[in-house]
>>> print(open('run-v2.cif').read())   # mmCIF, C-alpha atoms
data_target
#
loop_
_atom_site.label_atom_id
_atom_site.label_comp_id
_atom_site.auth_asym_id
_atom_site.auth_seq_id
_atom_site.Cartn_x
_atom_site.Cartn_y
_atom_site.Cartn_z
CA MET A 15 24.94 -21.74 20.85
CA THR A 16 24.00 -24.73 18.72
CA GLN A 17 20.72 -24.37 16.82
CA VAL A 18 18.02 -26.84 17.85
CA PRO A 19 16.96 -28.90 14.82
CA GLY A 20 13.44 -28.99 13.41
CA PRO A 21 11.49 -30.28 10.40
CA ALA A 22 11.62 -29.17 6.78
CA TYR A 23 8.44 -28.12 4.98
CA ARG A 24 8.18 -31.52 3.31
CA GLU A 25 8.48 -33.24 6.71
CA MET A 26 5.72 -31.08 8.21
CA LEU A 27 3.48 -32.17 5.32
CA HIS A 28 4.67 -35.78 5.38
CA PRO A 29 6.05 -36.65 8.84
CA GLU A 30 6.57 -40.22 7.63
CA LEU A 31 9.65 -38.85 5.83
CA LEU A 32 11.35 -38.31 9.20
CA SER A 33 13.86 -40.93 10.22
CA PRO A 34 12.57 -43.69 12.52
CA THR A 35 14.76 -42.33 15.32
CA ILE A 36 13.29 -38.83 15.09
CA ARG A 37 9.77 -40.19 14.82
CA ARG A 38 10.27 -42.14 18.05
CA MET A 39 11.68 -39.04 19.75
CA ALA A 40 8.74 -36.93 18.55
CA ALA A 41 6.22 -39.52 19.75
CA ALA A 42 7.84 -39.63 23.21
CA ALA A 43 7.97 -35.82 23.34
CA ARG A 44 4.17 -35.56 23.35
CA ALA A 45 4.31 -36.40 27.06
CA ASP A 46 6.47 -33.33 27.78
CA GLU A 47 5.38 -30.05 26.21
CA PHE A 48 8.84 -28.53 26.69
CA ASP A 49 10.78 -31.29 24.93
CA PRO A 50 12.39 -29.70 21.81
CA ALA A 51 11.57 -32.84 19.82
CA ASN A 52 7.99 -31.50 19.73
CA LEU A 53 9.13 -29.32 16.85
CA PHE A 54 8.84 -32.50 14.78
CA ASN A 55 5.18 -32.76 15.80
CA ILE A 56 4.34 -29.60 13.87
CA THR A 57 2.04 -31.23 11.34
CA TRP A 58 -1.65 -31.56 10.57
CA ARG A 59 -1.35 -35.36 10.73
CA ASN A 60 -1.79 -37.66 13.70
CA PRO A 61 0.66 -40.55 14.34
CA GLU A 62 -1.39 -42.74 11.99
CA GLY A 63 -0.97 -40.22 9.17
CA VAL A 64 -4.56 -38.93 9.21
CA THR A 65 -5.18 -35.17 9.10
CA HIS A 66 -6.86 -33.97 12.29
CA HIS A 67 -10.41 -32.99 11.34
CA VAL A 68 -14.12 -33.36 11.91
CA VAL A 69 -17.00 -33.46 9.44
CA LEU A 70 -19.94 -31.63 10.96
CA PRO A 71 -23.27 -33.49 11.13
CA THR A 72 -25.67 -32.26 8.46
CA ALA A 73 -28.39 -32.11 11.11
CA LEU A 74 -26.29 -29.44 12.85
CA THR A 75 -25.29 -27.48 9.75
CA GLY A 76 -28.64 -27.66 7.97
CA VAL A 77 -26.92 -27.93 4.57
CA ASP A 78 -26.30 -30.92 2.31
CA ALA A 79 -22.64 -30.15 1.62
CA ASN A 80 -19.86 -31.74 3.67
CA ILE A 81 -18.47 -29.12 6.06
CA ILE A 82 -14.96 -30.41 6.79
CA VAL A 83 -13.09 -28.65 9.60
CA MET A 84 -9.33 -29.09 9.96
CA THR A 85 -8.66 -28.85 13.71
CA GLY A 86 -5.57 -26.91 14.75
CA ALA A 87 -5.82 -27.53 18.49
CA CYS A 88 -3.80 -30.74 18.11
CA PHE A 89 -0.60 -28.90 17.12
CA PRO A 90 2.06 -28.35 19.80
CA SER A 91 1.09 -25.26 21.86
CA GLY A 92 -2.57 -25.83 20.90
CA SER A 93 -2.83 -23.98 17.59
CA HIS A 94 -1.69 -24.42 13.99
CA LYS A 95 -0.15 -20.94 14.21
CA VAL A 96 2.91 -22.62 15.71
CA GLY A 97 3.64 -23.85 12.14
CA PRO A 98 4.24 -20.45 10.54
CA ALA A 99 5.99 -19.24 13.71
CA TYR A 100 8.44 -22.14 13.43
CA ALA A 101 8.83 -21.70 9.65
CA THR A 102 9.61 -18.00 10.01
CA LEU A 103 12.26 -18.65 12.66
CA MET A 104 13.69 -21.61 10.74
CA GLU A 105 14.14 -19.57 7.55
CA ALA A 106 15.70 -16.69 9.49
CA GLU A 107 18.21 -19.06 11.07
CA LEU A 108 19.10 -20.50 7.67
CA ASN A 109 19.67 -16.98 6.35
CA GLY A 110 21.97 -16.16 9.26
CA GLU A 111 19.64 -13.44 10.53
CA ILE A 112 18.88 -14.95 13.95
CA GLU A 113 21.10 -16.83 16.37
CA PRO A 114 20.26 -18.29 19.80
CA GLY A 115 22.04 -16.43 22.57
CA ALA A 116 22.54 -13.37 20.38
CA ASN A 117 18.99 -12.32 19.49
CA THR A 118 15.61 -11.85 21.14
CA ILE A 119 12.53 -12.91 19.20
CA LEU A 120 9.70 -10.40 18.79
CA GLY A 121 6.26 -11.84 18.03
CA PRO A 122 3.66 -9.22 17.00
CA SER A 123 0.28 -10.90 17.38
CA THR A 124 -3.20 -10.87 18.85
CA GLY A 125 -2.62 -14.25 20.41
CA ASN A 126 -2.08 -17.56 18.66
CA PHE A 127 0.94 -16.60 16.55
CA GLY A 128 2.42 -14.95 19.63
CA ILE A 129 1.82 -18.10 21.64
CA GLY A 130 3.45 -20.11 18.85
CA ALA A 131 6.41 -17.73 18.68
CA ALA A 132 6.89 -17.92 22.46
CA TYR A 133 6.70 -21.72 22.34
CA VAL A 134 9.11 -22.18 19.44
CA ALA A 135 11.52 -19.66 20.98
CA ARG A 136 11.45 -21.64 24.25
CA LEU A 137 12.20 -24.91 22.48
CA LYS A 138 14.98 -23.37 20.41
CA GLY A 139 16.65 -21.51 23.27
CA TYR A 140 15.70 -17.88 22.53
CA ASP A 141 14.37 -15.12 24.71
CA ALA A 142 11.09 -13.79 23.31
CA VAL A 143 8.74 -10.84 23.69
CA VAL A 144 5.19 -10.96 22.35
CA ILE A 145 3.65 -7.62 21.37
CA MET A 146 -0.13 -7.72 21.51
CA PRO A 147 -3.19 -5.65 22.48
CA ARG A 148 -4.39 -5.42 26.07
CA GLY A 149 -7.92 -6.57 25.30
CA MET A 150 -7.29 -10.26 24.60
CA SER A 151 -8.28 -13.33 26.64
CA ALA A 152 -6.56 -14.03 29.96
CA GLU A 153 -5.73 -17.55 28.76
CA ARG A 154 -3.59 -16.12 25.94
CA TYR A 155 -1.44 -14.10 28.33
CA HIS A 156 -1.14 -17.03 30.73
CA ARG A 157 0.15 -19.39 28.05
CA ILE A 158 2.69 -16.88 26.72
CA ARG A 159 4.07 -16.37 30.23
CA LYS A 160 4.06 -20.14 30.76
CA TYR A 161 6.42 -20.46 27.81
CA GLY A 162 8.77 -17.91 29.36
CA ALA A 163 8.17 -14.98 27.01
CA GLY A 164 7.67 -11.37 27.99
CA LEU A 165 4.58 -9.36 27.09
CA ASP A 166 4.59 -5.86 25.64
CA LEU A 167 0.94 -4.75 25.59
CA THR A 168 -0.47 -2.02 23.40
CA GLU A 169 -3.73 -0.16 23.82
CA GLY A 170 -6.88 -1.54 22.24
CA SER A 171 -8.10 -4.96 21.20
CA GLU A 172 -8.21 -7.23 18.13
CA SER A 173 -8.92 -4.49 15.57
CA ASP A 174 -6.04 -2.30 16.82
CA VAL A 175 -3.20 -4.38 15.37
CA ILE A 176 -1.68 -1.39 13.59
CA ARG A 177 -0.65 -0.16 17.05
CA VAL A 178 1.10 -3.52 17.52
CA LEU A 179 2.98 -2.99 14.24
CA GLU A 180 3.98 0.52 15.26
CA ARG A 181 5.30 -0.72 18.62
CA THR A 182 7.19 -3.50 16.84
CA GLU A 183 8.86 -0.90 14.61
CA GLU A 184 10.13 0.85 17.74
CA LEU A 185 11.46 -2.32 19.35
CA LYS A 186 13.27 -3.55 16.26
CA LYS A 187 15.50 -0.48 16.31
CA ASP A 188 17.54 -2.53 18.76
CA PRO A 189 19.56 -4.77 16.40
CA ARG A 190 19.42 -7.63 18.90
CA ASN A 191 15.64 -7.84 18.43
CA LYS A 192 14.47 -9.88 15.46
CA VAL A 193 10.84 -9.94 14.36
CA LEU A 194 8.82 -12.98 13.35
CA ALA A 195 6.57 -10.74 11.28
CA GLN A 196 3.53 -12.89 10.52
CA PHE A 197 1.68 -10.14 8.66
CA GLU A 198 4.47 -9.52 6.16
CA LEU A 199 7.00 -12.37 5.93
CA PHE A 200 6.43 -15.18 3.45
CA PRO A 201 7.27 -18.27 5.51
CA ASN A 202 3.70 -17.84 6.80
CA TYR A 203 2.41 -17.98 3.22
CA ARG A 204 4.69 -20.91 2.35
CA PHE A 205 3.69 -22.99 5.38
CA HIS A 206 -0.02 -22.66 4.76
CA ARG A 207 0.07 -22.99 1.01
CA PHE A 208 2.25 -26.09 1.10
CA VAL A 209 1.43 -27.80 4.40
CA THR A 210 -2.17 -26.70 5.03
CA GLY A 211 -3.22 -26.56 1.37
CA ARG A 212 -1.88 -29.99 0.47
CA SER A 213 -3.21 -31.48 3.69
CA ALA A 214 -6.66 -30.14 2.77
CA LEU A 215 -6.46 -31.63 -0.71
CA SER A 216 -5.50 -35.04 0.64
CA LEU A 217 -8.22 -34.92 3.30
CA ALA A 218 -11.04 -33.98 0.91
CA ARG A 219 -10.41 -37.02 -1.28
CA LYS A 220 -12.14 -39.13 1.38
CA TYR A 221 -15.45 -37.28 1.13
CA GLY A 222 -18.11 -36.44 -1.43
CA ASP A 223 -16.71 -36.17 -4.94
CA GLY A 224 -13.16 -35.90 -3.57
CA ARG A 225 -12.81 -32.29 -4.70
CA ILE A 226 -12.95 -29.01 -2.77
CA ALA A 227 -15.79 -26.76 -3.87
CA ALA A 228 -14.92 -23.99 -1.42
CA PHE A 229 -12.24 -23.05 1.09
CA VAL A 230 -13.23 -20.70 3.91
CA SER A 231 -10.88 -18.85 6.27
CA ALA A 232 -11.09 -15.71 8.38
CA PRO A 233 -7.83 -13.77 8.00
CA GLY A 234 -5.82 -12.45 10.87
CA SER A 235 -2.46 -12.49 9.13
CA ALA A 236 -4.17 -14.14 6.08
CA GLY A 237 -1.57 -16.90 6.14
CA THR A 238 -4.20 -19.65 6.25
CA LEU A 239 -5.87 -18.22 3.14
CA ALA A 240 -2.73 -19.25 1.22
CA ALA A 241 -4.05 -22.82 1.40
CA GLY A 242 -6.63 -21.64 -1.12
CA ASP A 243 -3.86 -20.84 -3.60
CA GLU A 244 -2.71 -24.45 -3.47
CA ILE A 245 -6.24 -25.84 -3.67
CA LYS A 246 -6.87 -23.76 -6.80
CA THR A 247 -3.89 -25.40 -8.53
CA SER A 248 -5.88 -28.66 -8.42
CA TYR A 249 -9.41 -27.24 -8.66
CA SER A 250 -9.39 -23.87 -10.39
CA ASP A 251 -13.13 -23.51 -9.79
CA CYS A 252 -12.74 -23.75 -6.02
CA VAL A 253 -14.24 -20.69 -4.33
CA VAL A 254 -11.97 -19.03 -1.76
CA CYS A 255 -13.89 -16.99 0.79
CA ALA A 256 -12.28 -14.65 3.31
CA VAL A 257 -14.34 -14.03 6.45
CA GLU A 258 -14.31 -11.08 8.82
CA PRO A 259 -16.39 -9.67 11.66
CA GLU A 260 -19.38 -7.62 10.59
CA GLU A 261 -18.21 -5.11 13.19
CA CYS A 262 -14.83 -4.66 11.45
CA SER A 263 -15.60 -5.15 7.75
CA THR A 264 -12.28 -3.99 6.29
CA LEU A 265 -12.18 -6.27 3.25
CA PHE A 266 -15.93 -6.05 2.73
CA ASN A 267 -16.30 -2.26 2.55
CA ASN A 268 -13.20 -0.65 4.13
CA GLY A 269 -15.02 -0.62 7.46
CA CYS A 270 -13.42 -0.69 10.88
CA GLY A 271 -14.50 -1.15 14.46
CA THR A 272 -14.07 -3.11 17.67
CA HIS A 273 -15.18 -6.74 17.80
CA ALA A 274 -14.90 -9.87 19.94
CA ILE A 275 -13.56 -12.54 17.54
CA GLU A 276 -10.00 -12.91 18.78
CA GLY A 277 -7.41 -13.75 16.12
CA ILE A 278 -9.12 -12.28 13.06
CA GLY A 279 -10.46 -8.96 11.75
CA ASP A 280 -7.28 -6.96 12.27
CA ASN A 281 -8.45 -3.91 10.31
CA MET A 282 -5.96 -4.31 7.48
CA VAL A 283 -5.11 -6.04 4.22
CA THR A 284 -1.98 -7.88 5.28
CA LEU A 285 1.10 -7.87 3.10
CA ILE A 286 1.00 -11.65 2.58
CA HIS A 287 -2.70 -11.73 1.57
CA ASN A 288 -2.87 -12.78 -2.08
CA ILE A 289 -5.86 -10.68 -3.11
CA LEU A 290 -5.86 -12.25 -6.58
CA THR A 291 -7.13 -15.61 -5.37
CA THR A 292 -9.78 -14.37 -2.92
CA ASP A 293 -13.17 -14.74 -4.63
CA PHE A 294 -15.64 -13.70 -1.93
CA VAL A 295 -15.62 -11.83 1.37
CA GLN A 296 -18.23 -12.67 3.99
CA THR A 297 -19.06 -10.92 7.25
CA VAL A 298 -20.27 -12.68 10.40
CA ARG A 299 -21.52 -11.01 13.58
CA ASP A 300 -19.25 -11.58 16.57
CA SER A 301 -22.31 -12.26 18.76
CA ASP A 302 -23.20 -15.21 16.50
CA CYS A 303 -19.74 -16.69 17.00
CA LEU A 304 -19.84 -16.30 20.79
CA ALA A 305 -23.34 -17.75 20.96
CA GLY A 306 -22.39 -20.62 18.63
CA LEU A 307 -19.39 -21.50 20.78
CA ASP A 308 -21.54 -21.37 23.90
CA ILE A 309 -24.13 -23.65 22.26
CA LEU A 310 -21.63 -26.32 21.23
CA GLN A 311 -19.56 -26.16 24.40
CA TYR A 312 -22.23 -25.86 27.08
CA ARG A 313 -25.61 -26.65 25.51
CA ALA A 314 -24.92 -29.71 23.37
CA GLU A 315 -27.61 -31.79 25.10
CA PHE A 316 -30.23 -29.18 24.24
CA VAL A 317 -29.14 -29.20 20.58
CA GLU A 318 -29.12 -33.01 20.42
CA GLU A 319 -32.67 -33.09 21.75
CA ARG A 320 -33.81 -30.32 19.42
CA LEU A 321 -32.33 -32.02 16.34
CA GLU A 322 -33.37 -35.51 17.47
CA LEU A 323 -29.77 -36.69 17.55
CA GLY A 324 -28.59 -39.49 19.76
CA ALA A 325 -27.37 -38.56 23.22
CA GLY A 326 -23.68 -37.68 23.07
CA SER A 327 -23.69 -37.19 19.27
CA LEU A 328 -22.09 -33.74 19.58
CA GLN A 329 -19.66 -34.69 22.34
CA PRO A 330 -16.75 -35.16 19.87
CA LEU A 331 -17.02 -31.48 18.93
CA GLN A 332 -16.51 -30.14 22.43
CA GLY A 333 -13.18 -28.44 23.00
CA LEU A 334 -12.26 -28.35 19.30
CA PHE A 335 -13.31 -24.77 18.52
CA GLY A 336 -12.39 -21.29 19.59
CA ILE A 337 -14.29 -18.16 18.64
CA SER A 338 -12.62 -17.74 15.25
CA GLY A 339 -13.16 -21.45 14.55
CA LEU A 340 -16.89 -20.98 15.10
CA CYS A 341 -16.73 -17.95 12.81
CA ASN A 342 -15.23 -20.13 10.07
CA VAL A 343 -17.81 -22.85 10.65
CA LEU A 344 -20.75 -20.44 10.39
CA ALA A 345 -19.26 -18.82 7.29
CA ALA A 346 -18.72 -22.24 5.67
CA ILE A 347 -22.35 -23.19 6.30
CA ARG A 348 -23.63 -19.89 4.94
CA LEU A 349 -21.38 -20.06 1.88
CA ALA A 350 -22.69 -23.58 1.14
CA ARG A 351 -26.21 -22.12 1.13
CA PHE A 352 -25.09 -19.18 -1.01
CA LEU A 353 -23.52 -21.50 -3.60
CA ASP A 354 -26.38 -24.03 -3.35
CA LEU A 355 -23.93 -26.89 -2.77
CA GLY A 356 -25.11 -30.50 -2.61
CA PRO A 357 -24.16 -33.72 -0.80
CA ARG A 358 -21.24 -34.46 -3.13
CA ASP A 359 -19.64 -31.06 -2.50
CA ASN A 360 -16.93 -30.42 0.09
CA VAL A 361 -16.37 -27.14 1.92
CA VAL A 362 -13.10 -27.09 3.86
CA THR A 363 -12.38 -24.69 6.68
CA VAL A 364 -10.06 -24.46 9.69
CA ALA A 365 -10.40 -24.21 13.46
CA THR A 366 -7.21 -22.40 14.43
CA ASP A 367 -7.31 -23.29 18.12
CA GLY A 368 -9.54 -24.92 20.73
CA PHE A 369 -11.84 -23.85 23.53
CA ASP A 370 -9.04 -23.83 26.14
CA ARG A 371 -8.23 -20.20 25.26
CA TYR A 372 -11.75 -18.83 25.85
CA PRO A 373 -13.47 -19.91 29.11
CA SER A 374 -12.83 -16.43 30.55
CA VAL A 375 -14.45 -14.83 27.50
CA LEU A 376 -17.64 -16.89 27.67
CA ALA A 377 -17.80 -16.38 31.44
CA LYS A 378 -18.32 -12.66 30.84
CA LEU A 379 -21.31 -13.16 28.53
CA PRO A 380 -24.81 -12.32 29.70
CA PRO A 381 -27.26 -15.26 29.88
CA LEU A 382 -27.93 -16.52 26.36
CA HIS A 383 -31.42 -17.50 25.35
CA ASP A 384 -32.21 -20.03 22.63
CA ARG A 385 -30.19 -18.74 19.69
CA PHE A 386 -29.73 -21.95 17.73
CA GLU A 387 -31.95 -20.88 14.83
CA SER A 388 -30.48 -17.38 14.54
CA VAL A 389 -26.92 -18.73 14.66
CA PHE A 390 -26.93 -22.01 12.72
CA ARG A 391 -29.84 -21.39 10.34
CA ALA A 392 -29.42 -17.69 9.57
CA PHE A 393 -28.55 -16.66 6.02
CA ASP A 394 -28.34 -13.21 4.46
CA ARG A 395 -27.00 -13.06 0.89
CA SER A 396 -26.09 -9.40 1.34
CA LYS A 397 -23.34 -10.43 3.80
CA ILE A 398 -21.36 -12.17 1.03
CA LEU A 399 -19.53 -9.94 -1.45
CA ASP A 400 -18.06 -11.03 -4.80
CA VAL A 401 -14.57 -9.51 -4.97
CA ARG A 402 -13.58 -11.06 -8.30
CA PRO A 403 -14.42 -7.95 -10.41
CA PRO A 404 -11.38 -5.77 -11.27
CA GLU A 405 -12.73 -2.77 -9.39
CA GLN A 406 -12.86 -4.82 -6.18
CA LYS A 407 -9.30 -6.03 -6.66
CA GLU A 408 -8.12 -2.46 -7.16
CA ARG A 409 -9.96 -1.34 -4.02
CA LEU A 410 -8.23 -4.01 -1.96
CA PHE A 411 -4.83 -3.35 -3.53
CA GLY A 412 -5.30 0.33 -2.77
CA TYR A 413 -6.06 -0.45 0.87
CA LYS A 414 -2.95 -2.64 1.08
CA GLU A 415 -0.78 0.06 -0.47
CA ALA A 416 -2.09 2.78 1.87
CA LEU A 417 -1.01 0.74 4.90
CA TRP A 418 2.23 -0.90 3.87
CA THR A 419 3.88 2.14 2.30
CA ARG A 420 3.78 3.49 5.87
CA PHE A 421 6.07 0.62 6.84
CA ASN A 422 8.72 1.25 4.16
CA TYR A 423 7.44 -1.03 1.39
CA THR A 424 7.67 0.63 -2.02
CA ARG A 425 4.81 0.95 -4.48
CA ALA A 426 6.94 -0.89 -7.04
CA TYR A 427 7.22 -3.89 -4.70
CA LEU A 428 3.52 -3.82 -3.90
CA ASP A 429 2.66 -3.58 -7.60
CA ARG A 430 4.51 -6.85 -8.20
CA MET A 431 1.94 -8.54 -5.96
CA LYS A 432 -0.70 -7.82 -8.60
CA SER A 433 0.72 -10.68 -10.67
CA GLN A 434 0.29 -14.33 -9.70
CA SER A 435 3.89 -14.90 -10.79
CA PHE A 436 5.03 -13.01 -7.67
CA TRP A 437 3.26 -15.53 -5.43
CA GLU A 438 4.44 -18.53 -7.45
CA ALA A 439 8.04 -17.33 -7.09
CA GLU A 440 7.68 -17.12 -3.30
CA TYR A 441 6.14 -20.58 -3.20
CA ALA A 442 8.84 -22.05 -5.45
CA LYS A 443 11.51 -21.35 -2.79
CA ILE A 444 10.40 -24.30 -0.65
CA PRO A 445 12.58 -27.07 -2.17
CA ALA A 446 15.74 -24.95 -1.88
CA ILE A 447 14.87 -24.06 1.73
CA ASP A 448 14.30 -27.72 2.58
CA ASP A 449 17.59 -28.73 0.99
CA ALA A 450 19.47 -25.97 2.81
CA LEU A 451 17.96 -27.05 6.13
CA GLN A 452 18.96 -30.65 5.54
CA ARG A 453 22.55 -29.59 4.71
CA SER A 454 22.80 -27.39 7.79
CA GLN A 455 21.57 -30.12 10.11
CA VAL A 456 23.89 -32.72 8.61
CA ALA A 457 26.81 -30.31 9.06
CA ALA A 458 25.81 -29.59 12.67
CA ALA A 459 25.68 -33.32 13.42
CA CYS A 460 29.24 -33.89 12.16
#
>>> encode(input="run-v2.cif", output="structure tokens")
Amino acid sequence: MTQVPGPAYREMLHPELLSPTIRRMAAAARADEFDPANLFNITWRNPEGVTHHVVLPTALTGVDANIIVMTGACFPSGSHKVGPAYATLMEAELNGEIEPGANTILGPSTGNFGIGAAYVARLKGYDAVVIMPRGMSAERYHRIRKYGAGLDLTEGSESDVIRVLERTEELKKDPRNKVLAQFELFPNYRFHRFVTGRSALSLARKYGDGRIAAFVSAPGSAGTLAAGDEIKTSYSDCVVCAVEPEECSTLFNNGCGTHAIEGIGDNMVTLIHNILTTDFVQTVRDSDCLAGLDILQYRAEFVEERLELGAGSLQPLQGLFGISGLCNVLAAIRLARFLDLGPRDNVVTVATDGFDRYPSVLAKLPPLHDRFESVFRAFDRSKILDVRPPEQKERLFGYKEALWTRFNYTRAYLDRMKSQSFWEAEYAKIPAIDDALQRSQVAAAC
């Protein structure tokens, strides 16, 4: 079977580099979710070249700093996770590891990456199976089935991802099955460092002092945190803060437990998490995130009245956030307080998906009383941990080693990750990958 073409990394960052013909095809494809030309819509930018984002009103956040949220719901399939899913499949095709008609795609995930893998597989002509826990939202399963993928469900919920990895190990014994391994393969790191990181840098230039004082992201696979690596190349003093549920505080204090923030807090240090560039770890209660989402989605009029905002002022925020997005927003606000940031400072974070994946989750909540103050104004310095000291780095490296040696990675390989040169070498592969993709698509067109 002929491989369906898609964008290079540089074209996902700068879609204006696409030929006029492909740009017209991509624009028309927005009307049909299953048109393969939607692969060329995998970008943070809208058709006018502006990165999809919102800047939260300071009356809502209660801090002076600009809280800038990059919104991932506008990607094809409804989440930016489709980007690393596509990049992982694209690189595997270039390497001759995966071929349509010959291989089935496996997508280990707790939701959004699996949805992205199912979607990209559908557009590129592959069968796919998504391996994920049973305890995720009904909307996740519905969308995966809508894209034609199978589901292989493991016991547990968000914090039981190791069971997903173990099941994936079993399934990949069949040589026809090929894994888009978001937790361990570096296309995920490359996509977010190059595409998300540079998009964030360009976006921030419009606000405050034009710099990024802090980048905040709650790791599932930790791919999005790679954007912080790129931001630090421009602003070495930028603070990168990883966020996790208080109920599953793995990075914070090696804790574990069940929680309700789907897509993050997977009870591990992932292989592609560059521990060297993570400065702080912050925990957020899952109940705060659920209540915050409920407030913005269903109680905006109450908040507008309380904050003396104009009627409809918060309407543009509705639908833009899922539970993990609210987690990132709350963590960004609290980090701005922690760092005592002012009106010229920019804090950038990401909303991975939108509300469309969570109505069933909020429907199960008991009646919520007025929690605005406890959610949007709460601040506890003890929930933010400085992980820059060497002993903290060694603790996190030790946790990574304990897990990934179980999955056949050697200590020698893991030790190489303790040097920034390892990560720079992985990042430096992008131009060669882009050139190889261009050559392969030119050859296929002849």
>>> closest_residue(input="run-v2.cif", among="A:Val83, A:Cys341, A:Val253, A:Met431", to="A:Arg402", atoms="all atoms listed in the file")
A:Val253
>>> closest_residue(input="run-v2.cif", among="A:Gly237, A:Gly92, A:Pro147, A:Gly162", to="A:Thr57", atoms="all atoms listed in the file")
A:Gly92
>>> residues_near_point(input="run-v2.cif", point="(-17.0, -11.0, -5.3)", cutoff="10 Å", atoms="all atoms listed in the file", output="list in words")
Cys255, Phe266, Thr292, Asp293, Phe294, Val295, Gln296, Ile398, Leu399, Asp400, Val401, Arg402, Pro403, Pro404, Gln406 and Lys407 of chain A
>>> resolve_selection(input="run-v2.cif", expression="the PyMOL selection byres ((chain A and resi 23-28) around 9)", output="PyMOL selection string")
chain A and resi 21-22+29-32+54-59+63+97+101+204-205+208-210+212-213+444-445+447-448
>>> resolve_selection(input="run-v2.cif", expression="the PyMOL selection byres ((chain A and resi 395) around 12)", output="PyMOL selection string")
chain A and resi 294-298+345+348-354+392-394+396-400
>>> resolve_selection(input="run-v2.cif", expression="the PyMOL selection byres ((chain A and resi 367) around 10)", output="PyMOL selection string")
chain A and resi 85-89+91-95+126+277+333-339+364-366+368-372
>>> closest_residue(input="run-v2.cif", among="A:Val361, A:Leu74, A:Ile275, A:Ala459", to="A:Leu215", atoms="only C-alpha atoms")
A:Val361
>>> closest_atom_pairs(input="run-v2.cif", of="stretch 307-425 of chain A", to="stretch 170-189 of chain A", cutoff="12 Å", atoms="all atoms listed in the file", output="tab-separated table")
residue	atom	partner	partner_atom	distance
A:Ser338	CA	A:Glu172	CA	11.8
A:Leu417	CA	A:Ile176	CA	9.0
A:Trp418	CA	A:Ile176	CA	10.5
A:Arg420	CA	A:Glu180	CA	9.9
A:Phe421	CA	A:Glu183	CA	8.4
A:Asn422	CA	A:Glu183	CA	10.7
>>> closest_residue(input="run-v2.cif", among="A:Glu319, A:Glu107, A:Asp223, A:Glu387", to="A:Asp302", atoms="all atoms listed in the file")
A:Glu387
>>> closest_residue(input="run-v2.cif", among="A:Cys303, A:Asn360, A:Gly149, A:Ile226", to="A:Thr272", atoms="all atoms listed in the file")
A:Gly149
>>> closest_residue(input="run-v2.cif", among="A:Ala218, A:Asn109, A:Pro357, A:Gln434", to="A:Leu290", atoms="all atoms listed in the file")
A:Gln434
>>> residues_near_point(input="run-v2.cif", point="(-21.4, -19.6, 23.6)", cutoff="12 Å", atoms="all atoms listed in the file", output="PyMOL selection string")
chain A and resi 300-314+332+335-337+340-341+369+372-386+389
>>> atom_distance(input="run-v2.cif", atom1="atom CA of A:Asp243", atom2="atom CA of A:Ala256")
12.5 Å
>>> residues_around(input="run-v2.cif", residues="A:Glu111", least_positions_apart="3", cutoff="12 Å", atoms="only C-alpha atoms", output="ChimeraX atom specification")
/A:102-108,114,116-119,189-194
>>> atom_distance(input="run-v2.cif", atom1="atom CA of A:Asp46", atom2="atom CA of A:Phe127")
20.9 Å
>>> build_atoms(input="run-v2.cif", residues="stretch 22-31 of chain A", atoms="N, CA and C atoms", output="PDB file, keeping the file's coordinate frame")
ATOM      1  N   ALA A  22      11.741 -29.902   8.046  1.00  0.00           N
ATOM      2  CA  ALA A  22      11.620 -29.170   6.780  1.00  0.00           C
ATOM      3  C   ALA A  22      10.141 -29.074   6.421  1.00  0.00           C
ATOM      4  N   TYR A  23       9.833 -28.230   5.437  1.00  0.00           N
ATOM      5  CA  TYR A  23       8.440 -28.120   4.980  1.00  0.00           C
ATOM      6  C   TYR A  23       7.901 -29.484   4.568  1.00  0.00           C
ATOM      7  N   ARG A  24       8.689 -30.240   3.808  1.00  0.00           N
ATOM      8  CA  ARG A  24       8.180 -31.520   3.310  1.00  0.00           C
ATOM      9  C   ARG A  24       7.925 -32.488   4.456  1.00  0.00           C
ATOM     10  N   GLU A  25       8.677 -32.352   5.557  1.00  0.00           N
ATOM     11  CA  GLU A  25       8.480 -33.240   6.710  1.00  0.00           C
ATOM     12  C   GLU A  25       7.276 -32.810   7.547  1.00  0.00           C
ATOM     13  N   MET A  26       6.947 -31.519   7.522  1.00  0.00           N
ATOM     14  CA  MET A  26       5.720 -31.080   8.210  1.00  0.00           C
ATOM     15  C   MET A  26       4.486 -31.562   7.445  1.00  0.00           C
ATOM     16  N   LEU A  27       4.586 -31.621   6.115  1.00  0.00           N
ATOM     17  CA  LEU A  27       3.480 -32.170   5.320  1.00  0.00           C
ATOM     18  C   LEU A  27       3.427 -33.679   5.427  1.00  0.00           C
ATOM     19  N   HIS A  28       4.590 -34.321   5.356  1.00  0.00           N
ATOM     20  CA  HIS A  28       4.670 -35.780   5.380  1.00  0.00           C
ATOM     21  C   HIS A  28       5.620 -36.223   6.491  1.00  0.00           C
ATOM     22  N   PRO A  29       5.151 -36.269   7.740  1.00  0.00           N
ATOM     23  CA  PRO A  29       6.050 -36.650   8.840  1.00  0.00           C
ATOM     24  C   PRO A  29       6.609 -38.062   8.706  1.00  0.00           C
ATOM     25  N   GLU A  30       6.018 -38.879   7.851  1.00  0.00           N
ATOM     26  CA  GLU A  30       6.570 -40.220   7.630  1.00  0.00           C
ATOM     27  C   GLU A  30       7.946 -40.166   6.963  1.00  0.00           C
ATOM     28  N   LEU A  31       8.319 -39.000   6.419  1.00  0.00           N
ATOM     29  CA  LEU A  31       9.650 -38.850   5.830  1.00  0.00           C
ATOM     30  C   LEU A  31      10.745 -38.696   6.879  1.00  0.00           C
TER      31      LEU A  31
END
